[in-house]
Structure formats: C-alpha cells, structure tokens
file target_14.cif (mmCIF, C-alpha atoms)
data_start
loop_
_atom_site.label_atom_id
_atom_site.label_comp_id
_atom_site.auth_asym_id
_atom_site.auth_seq_id
_atom_site.Cartn_x
_atom_site.Cartn_y
_atom_site.Cartn_z
CA MET Y 1 -8.12 20.42 6.28
CA SER Y 2 -7.06 17.77 8.76
CA LEU Y 3 -7.71 14.30 7.46
CA SER Y 4 -7.73 12.81 10.94
CA SER Y 5 -10.34 15.21 12.22
CA SER Y 6 -12.59 14.98 9.22
CA LEU Y 7 -12.33 11.28 8.66
CA THR Y 8 -15.34 9.27 9.69
CA LEU Y 9 -14.10 5.75 9.67
CA PRO Y 10 -16.45 2.90 10.42
CA CYS Y 11 -14.09 1.42 12.95
CA PHE Y 12 -15.64 -0.54 15.72
CA ASN Y 13 -14.97 -3.09 18.38
CA SER Y 14 -17.34 -5.94 18.49
CA SER Y 15 -18.08 -8.75 20.80
CA PHE Y 16 -19.40 -11.94 19.36
CA SER Y 17 -21.16 -14.92 20.72
CA LEU Y 18 -21.50 -18.26 19.05
CA LYS Y 19 -24.89 -19.25 17.79
CA LYS Y 20 -26.02 -22.82 18.31
CA SER Y 21 -25.69 -23.40 14.60
CA GLY Y 22 -22.01 -22.60 14.89
CA GLY Y 23 -22.11 -19.23 13.26
CA LEU Y 24 -21.52 -15.95 14.91
CA SER Y 25 -24.02 -13.34 15.92
CA LYS Y 26 -22.68 -9.87 16.25
CA ARG Y 27 -23.40 -7.14 18.68
CA SER Y 28 -21.56 -4.10 17.53
CA ARG Y 29 -20.79 -0.87 19.23
CA PHE Y 30 -19.63 1.76 16.85
CA SER Y 31 -17.01 4.18 17.95
CA SER Y 32 -17.97 7.80 18.09
CA LEU Y 33 -16.12 8.33 14.84
CA SER Y 34 -18.94 7.17 12.66
CA PRO Y 35 -22.28 6.78 14.35
CA ARG Y 36 -24.22 6.88 11.13
CA SER Y 37 -22.10 4.44 9.20
CA LEU Y 38 -23.48 1.21 7.98
CA PRO Y 39 -21.46 -1.85 8.91
CA PRO Y 40 -18.72 -2.06 6.35
CA PRO Y 41 -17.34 -5.18 4.75
CA ILE Y 42 -15.17 -6.54 7.51
CA LYS Y 43 -12.12 -8.69 7.67
CA PHE Y 44 -11.49 -10.61 10.82
CA SER Y 45 -8.02 -10.54 12.22
CA GLY Y 46 -6.26 -11.85 15.27
CA ILE Y 47 -8.19 -14.72 16.79
CA PHE Y 48 -9.60 -16.33 13.71
CA SER Y 49 -7.35 -17.47 10.93
CA ASN Y 50 -10.30 -18.17 8.72
CA PRO Y 51 -13.35 -15.94 8.74
CA GLY Y 52 -15.59 -18.85 7.79
CA PHE Y 53 -17.85 -20.56 10.28
CA PRO Y 54 -18.14 -22.50 12.55
CA VAL Y 55 -15.46 -21.14 14.85
CA HIS Y 56 -13.30 -23.58 16.67
CA GLY Y 57 -11.22 -23.03 19.75
CA ALA Y 58 -13.40 -20.30 21.18
CA SER Y 59 -13.35 -19.67 24.90
CA GLU Y 60 -15.41 -21.82 27.21
CA SER Y 61 -17.96 -19.08 27.54
CA ASN Y 62 -18.16 -18.95 23.74
CA ARG Y 63 -17.63 -15.23 23.85
CA VAL Y 64 -14.68 -13.82 22.00
CA SER Y 65 -13.66 -10.28 21.28
CA VAL Y 66 -12.24 -9.31 17.97
CA GLN Y 67 -11.35 -6.02 16.44
CA CYS Y 68 -12.74 -5.67 12.96
CA PHE Y 69 -10.94 -3.71 10.29
CA ALA Y 70 -13.00 -2.27 7.47
CA ALA Y 71 -11.72 -2.48 3.92
CA LEU Y 72 -12.18 0.50 1.62
CA ASN Y 73 -15.84 1.45 1.67
CA PRO Y 74 -17.85 4.23 0.01
CA GLU Y 75 -17.53 6.54 2.99
CA LEU Y 76 -13.75 6.26 3.16
CA THR Y 77 -13.55 6.60 -0.59
CA SER Y 78 -15.55 9.80 -0.45
CA THR Y 79 -13.40 11.20 2.34
CA LEU Y 80 -10.24 10.40 0.45
CA ASP Y 81 -11.69 11.91 -2.73
CA LYS Y 82 -12.18 15.15 -0.83
CA PHE Y 83 -8.76 15.06 0.80
CA VAL Y 84 -6.73 14.42 -2.34
CA THR Y 85 -8.48 17.32 -4.06
CA SER Y 86 -8.25 19.67 -1.10
CA HIS Y 87 -4.69 20.64 -2.00
CA LYS Y 88 -2.79 20.67 -5.26
CA VAL Y 89 -0.17 18.28 -3.87
CA VAL Y 90 -0.96 15.62 -1.29
CA LEU Y 91 1.57 13.10 -0.04
CA PHE Y 92 0.64 9.99 1.94
CA MET Y 93 3.85 9.08 3.65
CA LYS Y 94 5.52 7.43 6.60
CA GLY Y 95 6.18 10.10 9.17
CA THR Y 96 5.73 13.80 8.62
CA LYS Y 97 7.36 16.31 6.32
CA ASP Y 98 9.50 17.48 9.23
CA PHE Y 99 10.23 13.97 10.47
CA PRO Y 100 10.00 11.42 7.67
CA MET Y 101 10.28 7.86 8.95
CA CYS Y 102 11.24 6.14 5.73
CA GLY Y 103 13.93 6.79 3.17
CA PHE Y 104 11.50 6.67 0.26
CA SER Y 105 9.09 9.07 1.92
CA ASN Y 106 11.96 11.37 2.82
CA THR Y 107 13.16 11.40 -0.78
CA VAL Y 108 9.79 12.62 -2.03
CA VAL Y 109 9.56 15.21 0.73
CA GLN Y 110 12.99 16.59 -0.16
CA ILE Y 111 12.12 16.76 -3.86
CA LEU Y 112 8.93 18.69 -3.13
CA LYS Y 113 10.73 21.00 -0.74
CA SER Y 114 13.49 21.67 -3.27
CA LEU Y 115 10.85 22.63 -5.80
CA ASN Y 116 9.33 25.04 -3.29
CA VAL Y 117 5.97 23.41 -3.76
CA PRO Y 118 3.40 23.68 -0.99
CA PHE Y 119 2.18 20.22 -0.11
CA GLU Y 120 -0.04 18.51 2.42
CA THR Y 121 1.04 15.27 4.03
CA PHE Y 122 -0.62 12.50 5.97
CA ASN Y 123 1.27 10.06 8.17
CA ILE Y 124 -0.10 6.63 7.33
CA LEU Y 125 1.72 5.13 10.30
CA GLU Y 126 -0.83 6.84 12.54
CA ASN Y 127 -3.78 4.96 11.17
CA GLU Y 128 -3.60 1.33 10.08
CA LEU Y 129 -7.13 1.42 8.75
CA LEU Y 130 -6.32 4.31 6.50
CA ARG Y 131 -3.04 2.72 5.50
CA GLN Y 132 -4.81 -0.36 4.19
CA GLY Y 133 -7.68 1.59 2.69
CA LEU Y 134 -5.29 3.79 0.76
CA LYS Y 135 -3.62 0.80 -0.85
CA GLU Y 136 -6.98 -0.13 -2.31
CA TYR Y 137 -7.99 3.43 -3.07
CA SER Y 138 -4.79 4.12 -4.99
CA ASN Y 139 -4.41 0.59 -6.31
CA TRP Y 140 -0.86 0.89 -5.06
CA PRO Y 141 0.58 -1.38 -2.38
CA THR Y 142 3.34 0.79 -0.98
CA PHE Y 143 4.07 4.22 0.43
CA PRO Y 144 4.78 7.03 -0.22
CA GLN Y 145 1.90 7.86 -2.53
CA LEU Y 146 1.88 11.24 -4.22
CA TYR Y 147 -1.27 12.89 -5.54
CA ILE Y 148 -1.21 15.95 -7.80
CA ASP Y 149 -4.39 17.76 -8.74
CA GLY Y 150 -6.40 14.94 -7.25
CA GLU Y 151 -4.76 12.26 -9.36
CA PHE Y 152 -2.35 9.57 -8.31
CA PHE Y 153 1.09 10.57 -9.58
CA GLY Y 154 3.23 7.72 -8.29
CA GLY Y 155 5.52 6.52 -5.57
CA CYS Y 156 9.12 7.40 -4.87
CA ASP Y 157 10.67 5.93 -8.02
CA ILE Y 158 8.28 7.66 -10.36
CA THR Y 159 8.61 10.95 -8.53
CA VAL Y 160 12.39 10.79 -8.69
CA GLY Y 161 12.28 9.93 -12.36
CA LYS Y 162 9.76 12.47 -13.48
CA MET Y 163 9.66 15.39 -11.10
CA PRO Y 164 12.70 17.42 -12.21
CA HIS Y 165 11.32 17.46 -15.71
CA SER Y 166 7.68 17.71 -14.84
CA THR Y 167 5.73 20.77 -15.89
CA LYS Y 168 3.09 20.20 -13.26
CA PHE Y 169 4.57 22.80 -10.94
CA GLU Y 170 4.74 25.63 -13.39
CA SER Y 171 2.59 28.49 -12.15
CA SER Y 172 -0.99 27.87 -13.05
CA MET L 1 3.27 -29.88 -3.87
CA ALA L 2 4.33 -27.17 -6.26
CA SER L 3 3.48 -24.46 -3.76
CA ARG L 4 5.49 -26.18 -1.05
CA ALA L 5 8.50 -26.44 -3.33
CA ASN L 6 7.96 -22.82 -4.29
CA ALA L 7 7.92 -21.72 -0.66
CA MET L 8 11.38 -23.18 -0.16
CA LEU L 9 12.83 -20.85 -2.76
CA SER L 10 14.02 -17.46 -1.61
CA ARG L 11 11.70 -14.53 -2.14
CA ALA L 12 14.03 -13.18 -4.80
CA SER L 13 13.84 -16.48 -6.68
CA ARG L 14 10.08 -16.56 -6.48
CA MET L 15 9.87 -12.98 -7.68
CA LYS L 16 12.20 -13.75 -10.54
CA GLN L 17 10.09 -16.71 -11.60
CA LYS L 18 6.86 -14.76 -11.55
CA LEU L 19 8.19 -11.71 -13.34
CA GLN L 20 10.15 -13.61 -15.95
CA THR L 21 7.23 -15.82 -16.86
CA ALA L 22 4.76 -12.99 -17.21
CA LEU L 23 6.94 -10.25 -18.67
CA GLU L 24 9.31 -12.17 -20.96
CA ALA L 25 12.04 -9.92 -19.68
CA SER L 26 15.29 -9.56 -21.57
CA VAL L 27 16.82 -8.11 -18.43
CA LEU L 28 15.65 -9.03 -14.95
CA GLU L 29 17.78 -8.10 -11.98
CA ILE L 30 16.55 -8.50 -8.44
CA GLU L 31 18.57 -7.35 -5.47
CA ASP L 32 17.62 -7.86 -1.85
CA VAL L 33 18.40 -4.62 -0.01
CA SER L 34 16.48 -5.42 3.14
CA TYR L 35 19.60 -4.93 5.25
CA GLN L 36 19.52 -1.24 4.34
CA HIS L 37 16.08 -0.90 5.91
CA ALA L 38 16.47 -2.85 9.14
CA GLY L 39 14.61 -1.05 11.91
CA HIS L 40 12.54 0.77 9.31
CA ALA L 41 9.39 2.33 10.71
CA GLY L 42 6.34 0.34 9.83
CA VAL L 43 8.24 -2.88 9.12
CA LYS L 44 6.99 -5.43 11.54
CA GLY L 45 9.10 -8.27 12.84
CA ASP L 46 12.08 -9.71 11.04
CA ALA L 47 13.49 -7.36 8.43
CA THR L 48 14.66 -9.94 5.93
CA GLU L 49 13.44 -10.21 2.35
CA THR L 50 11.42 -7.04 2.83
CA HIS L 51 12.99 -4.55 0.42
CA PHE L 52 14.15 -5.25 -3.11
CA ASN L 53 15.53 -3.38 -6.09
CA VAL L 54 14.03 -4.68 -9.31
CA LYS L 55 15.20 -3.82 -12.80
CA ILE L 56 13.19 -5.19 -15.70
CA VAL L 57 13.47 -4.67 -19.42
CA SER L 58 10.40 -6.04 -21.16
CA PRO L 59 8.52 -5.46 -24.39
CA LYS L 60 5.32 -5.74 -22.38
CA PHE L 61 5.93 -2.23 -21.06
CA GLU L 62 5.62 -0.75 -24.52
CA GLY L 63 3.06 2.05 -24.61
CA GLN L 64 2.47 1.95 -20.88
CA SER L 65 2.92 4.81 -18.45
CA LEU L 66 5.30 4.36 -15.54
CA VAL L 67 2.39 4.01 -13.15
CA LYS L 68 0.91 1.21 -15.28
CA ARG L 69 4.27 -0.52 -15.54
CA HIS L 70 4.78 -0.43 -11.81
CA ARG L 71 1.22 -1.62 -11.20
CA LEU L 72 1.84 -4.51 -13.53
CA VAL L 73 4.87 -5.51 -11.51
CA TYR L 74 3.04 -5.07 -8.21
CA ASP L 75 0.09 -7.14 -9.44
CA LEU L 76 2.43 -9.97 -10.39
CA LEU L 77 3.92 -9.86 -6.91
CA THR L 78 0.64 -9.62 -4.94
CA GLU L 79 1.33 -12.82 -3.06
CA GLU L 80 4.77 -11.62 -2.02
CA LEU L 81 3.40 -8.24 -0.95
CA GLN L 82 0.90 -10.02 1.25
CA SER L 83 3.54 -12.20 2.85
CA GLY L 84 6.18 -9.78 4.03
CA LEU L 85 7.50 -8.00 0.95
CA HIS L 86 7.44 -4.41 2.07
CA ALA L 87 8.84 -2.22 -0.65
CA LEU L 88 10.15 -2.36 -4.18
CA SER L 89 12.34 0.05 -6.03
CA ILE L 90 11.40 -0.55 -9.65
CA VAL L 91 13.14 0.33 -12.89
CA ALA L 92 10.88 -0.75 -15.74
CA LYS L 93 11.97 -0.07 -19.30
CA THR L 94 11.30 -1.30 -22.78
CA PRO L 95 14.09 -2.67 -24.98
CA GLN L 96 13.85 0.43 -27.16
CA GLU L 97 14.29 2.73 -24.19
CA VAL L 98 17.37 0.85 -23.07
CA GLY L 99 18.74 0.87 -26.58
CA ARG L 100 18.38 4.66 -26.76
CA SER L 101 20.13 5.36 -23.46
#
call {"tool": "encode", "arguments": {"input": "target_14.cif", "output": "structure tokens"}}
result
Amino acid sequence: MSLSSSLTLPCFNSSFSLKKSGGLSKRSRFSSLSPRSLPPPIKFSGIFSNPGFPVHGASESNRVSVQCFAALNPELTSTLDKFVTSHKVVLFMKGTKDFPMCGFSNTVVQILKSLNVPFETFNILENELLRQGLKEYSNWPTFPQLYIDGEFFGGCDITVGKMPHSTKFESS
Amino acid sequence: MASRANAMLSRASRMKQKLQTALEASVLEIEDVSYQHAGHAGVKGDATETHFNVKIVSPKFEGQSLVKRHRLVYDLLTEELQSGLHALSIVAKTPQEVGRS
C-alpha cells in the first residue's frame, strides 16, 4: 500500500480578497487530491504573521495568495490509521530505507534490517503536510517514528534501548 | 520582561531551566550537538542549537513508560521545538534505575 497514492489530503491553494469589513472572504480551489473533503482547520503561513483580521499590508488590489496547510483532520487521521495497521512494522523516517537522510532514521533502519524484520517506510521529507500531521497524530514532535502492530513504539532512542531485548519480533 | 530576559539565554540554558523546574531532576545534563548535524536533511537555515543530548534523572519518571517519559520532556520543551529545536536524544531514568546500574 503506497501512502502517497492512497492519501487524500485536503491541500488547497486559495486566493483571498479583503472584505470591506476587513475580514477575508475565501474562494478555494481544491486540488484533485481531495475533491470531496470539507475545508479543514487551516493555519495561515507566509504572508500573514497573525491569522486574525483585519489584514494589514495587503497588495493594492487587496488580493493576496496564500497556501493553506491543514492540521491533522479526521480524514488524515483515518488514512494514517489504515497505513500504520497495513503492515506489522511501519517507520516514518527521513529518507528511505535504502537512502536514509538522517542519522537517527538510519539507526532505526539498520536495527530493523539486522533483525531481518520486514518493514514499510514513508519519507516524511516528501510531504510537509504529512510531516506536521504525523507529529499531532503520534503526539511526538520528531522523526523517526516507529509503529509496531499499529501502535506507536517510539523514536530512535527508545528503539535502540528496547529493540534488542524486545519480544515483539518473535514469530507470531 | 521575563520573556525577553529568557530569550537572551542560550537554548540549553532555557531547556535546563524548564526541565529542572518541572522534573526536580537530581541529574540534568544538556549537551548541544548541533555541529554533528550541520547540513542535516530537513533542517532549515542555520544549524545551531538544533540538536541536543539530554540526560535526566528524576523521580517524576517513576512508573512511566519510556514513551511517556519522553513525551513529558517534549511537552516541557514545546516552545523550543517550535522555535528551531530540531531533535533531542533523551536518556530519562529514575533515581532507582540509576542506582541499580
């Protein structure tokens, strides 16, 4: 199961115009990724330092473009629920199992390989939306993040400390 | 005023303050190892004060799993994690565990 192909993320680019009252009205165009998604809770980034209204310093035409990033929402949660249970061992990491791009991620990959455990990985560097959503989903602010049997197992330190003695990889 | 004074402290000092206050640690060692991760994928901008080794011995960890202990530390350092702290290597033990080793 490819997370990227199955993921329907409510990611969209929006253009905004200022209302006379000083607030923003939104015309959104959803990407093809998630045509049925409801607008998610959104955090503004880039142009506005404060998502509150009214907006100051907008262009003369009062039209500004912002890219909105969705926080964890029910749809992403559901997709992640399915992904972490799709394989016995799932590792959210920086890079890939063949080309890790972080020492901590590489350490976990090498441990899993040395145990001869089949594992699925996802490169969180490929998708900033997923990267941030996973931090909320796992209640864990860093990567790598290791899931075993659908449950969060830990990051690099915990894996190093526990894995050689863990019974989780005995044949089931 | 306090926050401005706080901001002038190094990240390690701020982390030490926050962790010591909340965890009543008998051992608290914080080491900045950011230089080991310069050019690290996914680290944006200046790679200073981004990676730390943290060793804490605290009675507050008693009865808690490693995941819970680490989450406790991460929660205490939320502000730092949102302002450039990128990764922590955490050793979190209770006084009894240290005494046994």
call {"tool": "closest_residue", "arguments": {"input": "target_14.cif", "among": "Y:Leu72, Y:Ile148, Y:Val89, Y:Ile111", "to": "Glu136 in chain Y", "atoms": "all atoms listed in the file"}}
result
Y:Leu72
call {"tool": "closest_atom_pairs", "arguments": {"input": "target_14.cif", "of": "chain L", "to": "chain Y", "cutoff": "10 Å", "atoms": "all atoms listed in the file", "output": "JSON lines"}}
result
{"residue": "L:Gln36", "atom": "CA", "partner": "Y:Gly103", "partner_atom": "CA", "distance": 9.9}
{"residue": "L:His37", "atom": "CA", "partner": "Y:Gly103", "partner_atom": "CA", "distance": 8.4}
{"residue": "L:His40", "atom": "CA", "partner": "Y:Cys102", "partner_atom": "CA", "distance": 6.6}
{"residue": "L:Ala41", "atom": "CA", "partner": "Y:Met101", "partner_atom": "CA", "distance": 5.9}
{"residue": "L:Gly42", "atom": "CA", "partner": "Y:Leu125", "partner_atom": "CA", "distance": 6.7}
{"residue": "L:Leu66", "atom": "CA", "partner": "Y:Ile158", "partner_atom": "CA", "distance": 6.8}
{"residue": "L:Val67", "atom": "CA", "partner": "Y:Gly154", "partner_atom": "CA", "distance": 6.2}
{"residue": "L:Lys68", "atom": "CA", "partner": "Y:Gly154", "partner_atom": "CA", "distance": 9.8}
{"residue": "L:His70", "atom": "CA", "partner": "Y:Trp140", "partner_atom": "CA", "distance": 8.9}
{"residue": "L:Arg71", "atom": "CA", "partner": "Y:Trp140", "partner_atom": "CA", "distance": 7.0}
{"residue": "L:Tyr74", "atom": "CA", "partner": "Y:Pro141", "partner_atom": "CA", "distance": 7.3}
{"residue": "L:Asp75", "atom": "CA", "partner": "Y:Pro141", "partner_atom": "CA", "distance": 9.1}
{"residue": "L:Thr78", "atom": "CA", "partner": "Y:Pro141", "partner_atom": "CA", "distance": 8.6}
{"residue": "L:Leu81", "atom": "CA", "partner": "Y:Pro141", "partner_atom": "CA", "distance": 7.6}
{"residue": "L:Gln82", "atom": "CA", "partner": "Y:Pro141", "partner_atom": "CA", "distance": 9.4}
{"residue": "L:Leu85", "atom": "CA", "partner": "Y:Thr142", "partner_atom": "CA", "distance": 9.9}
{"residue": "L:His86", "atom": "CA", "partner": "Y:Thr142", "partner_atom": "CA", "distance": 7.3}
{"residue": "L:Ala87", "atom": "CA", "partner": "Y:Thr142", "partner_atom": "CA", "distance": 6.3}
{"residue": "L:Leu88", "atom": "CA", "partner": "Y:Thr142", "partner_atom": "CA", "distance": 8.2}
{"residue": "L:Ser89", "atom": "CA", "partner": "Y:Asp157", "partner_atom": "CA", "distance": 6.4}
{"residue": "L:Ile90", "atom": "CA", "partner": "Y:Asp157", "partner_atom": "CA", "distance": 6.7}
{"residue": "L:Val91", "atom": "CA", "partner": "Y:Asp157", "partner_atom": "CA", "distance": 7.8}
call {"tool": "atom_distance", "arguments": {"input": "target_14.cif", "atom1": "CA of Val27 in chain L", "atom2": "CA of Gln96 in chain L"}}
result
12.6 Å
call {"tool": "atom_distance", "arguments": {"input": "target_14.cif", "atom1": "CA of Asn123 in chain Y", "atom2": "CA of Thr96 in chain Y"}}
result
5.8 Å
call {"tool": "closest_residue", "arguments": {"input": "target_14.cif", "among": "Y:Gln145, Y:Thr121, Y:Asn127, Y:Ser138", "to": "Ser86 in chain Y", "atoms": "only C-alpha atoms"}}
result
Y:Thr121
call {"tool": "resolve_selection", "arguments": {"input": "target_14.cif", "expression": "the PyMOL selection byres ((chain Y and resi 90) around 7)", "output": "ChimeraX atom specification"}}
result
/Y:84,87-89,91-92,119-121,146-148
call {"tool": "resolve_selection", "arguments": {"input": "target_14.cif", "expression": "the PyMOL selection byres ((chain L and resi 95) around 10)", "output": "list in words"}}
result
Ala25, Ser26, Val27, Ile56, Val57, Ser58, Pro59, Lys60, Phe61, Glu62, Ala92, Lys93, Thr94, Gln96, Glu97, Val98, Gly99 and Arg100 of chain L
call {"tool": "write_last_selection", "arguments": {"input": "target_14.cif", "atoms": "C-alpha atoms", "output": "tab-separated table (two decimals), keeping the file's coordinate frame"}}
result
chain	number	residue	atom	x	y	z
L	25	ALA	CA	12.04	-9.92	-19.68
L	26	SER	CA	15.29	-9.56	-21.57
L	27	VAL	CA	16.82	-8.11	-18.43
L	56	ILE	CA	13.19	-5.19	-15.70
L	57	VAL	CA	13.47	-4.67	-19.42
L	58	SER	CA	10.40	-6.04	-21.16
L	59	PRO	CA	8.52	-5.46	-24.39
L	60	LYS	CA	5.32	-5.74	-22.38
L	61	PHE	CA	5.93	-2.23	-21.06
L	62	GLU	CA	5.62	-0.75	-24.52
L	92	ALA	CA	10.88	-0.75	-15.74
L	93	LYS	CA	11.97	-0.07	-19.30
L	94	THR	CA	11.30	-1.30	-22.78
L	96	GLN	CA	13.85	0.43	-27.16
L	97	GLU	CA	14.29	2.73	-24.19
L	98	VAL	CA	17.37	0.85	-23.07
L	99	GLY	CA	18.74	0.87	-26.58
L	100	ARG	CA	18.38	4.66	-26.76
call {"tool": "resolve_selection", "arguments": {"input": "target_14.cif", "expression": "the PyMOL selection byres ((chain L and resi 29-32) around 6)", "output": "PyMOL selection string"}}
result
chain L and resi 28+33-34+52-55
call {"tool": "write_last_selection", "arguments": {"input": "target_14.cif", "atoms": "C-alpha atoms", "output": "CSV table (one decimal), in the frame of the given file"}}
result
chain,number,residue,atom,x,y,z
L,28,LEU,CA,15.6,-9.0,-15.0
L,33,VAL,CA,18.4,-4.6,0.0
L,34,SER,CA,16.5,-5.4,3.1
L,52,PHE,CA,14.2,-5.2,-3.1
L,53,ASN,CA,15.5,-3.4,-6.1
L,54,VAL,CA,14.0,-4.7,-9.3
L,55,LYS,CA,15.2,-3.8,-12.8
call {"tool": "atom_distance", "arguments": {"input": "target_14.cif", "atom1": "CA of Val160 in chain Y", "atom2": "CA of Thr107 in chain Y"}}
result
8.0 Å
call {"tool": "residues_near_point", "arguments": {"input": "target_14.cif", "point": "(6.2, -12.7, -10.5)", "cutoff": "6 Å", "atoms": "all atoms listed in the file", "output": "number ranges by chain"}}
result
L: 15, 17-19, 76-77
call {"tool": "residues_around", "arguments": {"input": "target_14.cif", "residues": "Arg11 in chain L", "least_positions_apart": "3", "cutoff": "8 Å", "atoms": "only C-alpha atoms", "output": "JSON, numbers by chain"}}
result
{"L": [14, 15, 49, 80]}
call {"tool": "write_last_selection", "arguments": {"input": "target_14.cif", "atoms": "C-alpha atoms", "output": "compact mmCIF listing (two decimals), in the frame of the given file"}}
result
# COMPACT_ATOMS: atom_id res chain seq x y z
CA ARG L 14 10.08 -16.56 -6.48
CA MET L 15 9.87 -12.98 -7.68
CA GLU L 49 13.44 -10.21 2.35
CA GLU L 80 4.77 -11.62 -2.02
call {"tool": "decode", "arguments": {"input": "target_14.cif", "residues": "range 81-89 of chain L", "atoms": "all heavy atoms", "output": "mmCIF file, in the first residue's frame"}}
result
data_model
loop_
_atom_site.group_PDB
_atom_site.id
_atom_site.type_symbol
_atom_site.label_atom_id
_atom_site.label_comp_id
_atom_site.auth_asym_id
_atom_site.auth_seq_id
_atom_site.Cartn_x
_atom_site.Cartn_y
_atom_site.Cartn_z
ATOM 1 N N LEU L 81 10.793 23.477 20.701
ATOM 2 C CA LEU L 81 10.574 22.689 19.494
ATOM 3 C C LEU L 81 9.904 23.508 18.407
ATOM 4 O O LEU L 81 10.051 23.229 17.224
ATOM 5 C CB LEU L 81 9.725 21.450 19.820
ATOM 6 C CG LEU L 81 10.463 20.343 20.571
ATOM 7 C CD1 LEU L 81 9.503 19.421 21.286
ATOM 8 C CD2 LEU L 81 11.349 19.538 19.620
ATOM 9 N N GLN L 82 9.175 24.526 18.807
ATOM 10 C CA GLN L 82 8.505 25.369 17.815
ATOM 11 C C GLN L 82 9.380 26.521 17.358
ATOM 12 O O GLN L 82 8.995 27.297 16.507
ATOM 13 C CB GLN L 82 7.189 25.908 18.395
ATOM 14 C CG GLN L 82 6.132 24.825 18.540
ATOM 15 C CD GLN L 82 4.907 25.309 19.296
ATOM 16 O OE1 GLN L 82 4.917 26.376 19.893
ATOM 17 N NE2 GLN L 82 3.852 24.521 19.273
ATOM 18 N N SER L 83 10.559 26.647 17.961
ATOM 19 C CA SER L 83 11.417 27.782 17.611
ATOM 20 C C SER L 83 12.809 27.337 17.205
ATOM 21 O O SER L 83 13.788 28.023 17.478
ATOM 22 C CB SER L 83 11.504 28.753 18.800
ATOM 23 O OG SER L 83 12.123 28.121 19.912
ATOM 24 N N GLY L 84 12.901 26.173 16.577
ATOM 25 C CA GLY L 84 14.176 25.790 15.989
ATOM 26 C C GLY L 84 14.827 24.555 16.580
ATOM 27 O O GLY L 84 15.738 23.995 15.967
ATOM 28 N N LEU L 85 14.396 24.129 17.759
ATOM 29 C CA LEU L 85 14.930 22.874 18.283
ATOM 30 C C LEU L 85 14.436 21.741 17.398
ATOM 31 O O LEU L 85 13.231 21.609 17.177
ATOM 32 C CB LEU L 85 14.474 22.654 19.727
ATOM 33 C CG LEU L 85 14.864 21.310 20.354
ATOM 34 C CD1 LEU L 85 16.375 21.124 20.381
ATOM 35 C CD2 LEU L 85 14.299 21.209 21.780
ATOM 36 N N HIS L 86 15.353 20.951 16.895
ATOM 37 C CA HIS L 86 15.008 20.002 15.851
ATOM 38 C C HIS L 86 14.946 18.574 16.345
ATOM 39 O O HIS L 86 14.116 17.793 15.903
ATOM 40 C CB HIS L 86 16.043 20.127 14.739
ATOM 41 C CG HIS L 86 15.714 19.368 13.509
ATOM 42 N ND1 HIS L 86 14.731 19.756 12.638
ATOM 43 C CD2 HIS L 86 16.231 18.234 12.995
ATOM 44 C CE1 HIS L 86 14.665 18.882 11.652
ATOM 45 N NE2 HIS L 86 15.561 17.958 11.833
ATOM 46 N N ALA L 87 15.851 18.220 17.231
ATOM 47 C CA ALA L 87 15.901 16.832 17.678
ATOM 48 C C ALA L 87 16.529 16.744 19.055
ATOM 49 O O ALA L 87 17.394 17.536 19.413
ATOM 50 C CB ALA L 87 16.701 15.979 16.694
ATOM 51 N N LEU L 88 16.053 15.772 19.818
ATOM 52 C CA LEU L 88 16.600 15.506 21.140
ATOM 53 C C LEU L 88 16.953 14.037 21.242
ATOM 54 O O LEU L 88 16.183 13.181 20.807
ATOM 55 C CB LEU L 88 15.566 15.815 22.228
ATOM 56 C CG LEU L 88 15.220 17.261 22.506
ATOM 57 C CD1 LEU L 88 14.072 17.334 23.501
ATOM 58 C CD2 LEU L 88 16.423 17.994 23.067
ATOM 59 N N SER L 89 18.086 13.761 21.815
ATOM 60 C CA SER L 89 18.407 12.404 22.199
ATOM 61 C C SER L 89 18.244 12.352 23.707
ATOM 62 O O SER L 89 18.942 13.058 24.424
ATOM 63 C CB SER L 89 19.838 12.065 21.784
ATOM 64 O OG SER L 89 20.118 10.733 22.069
#
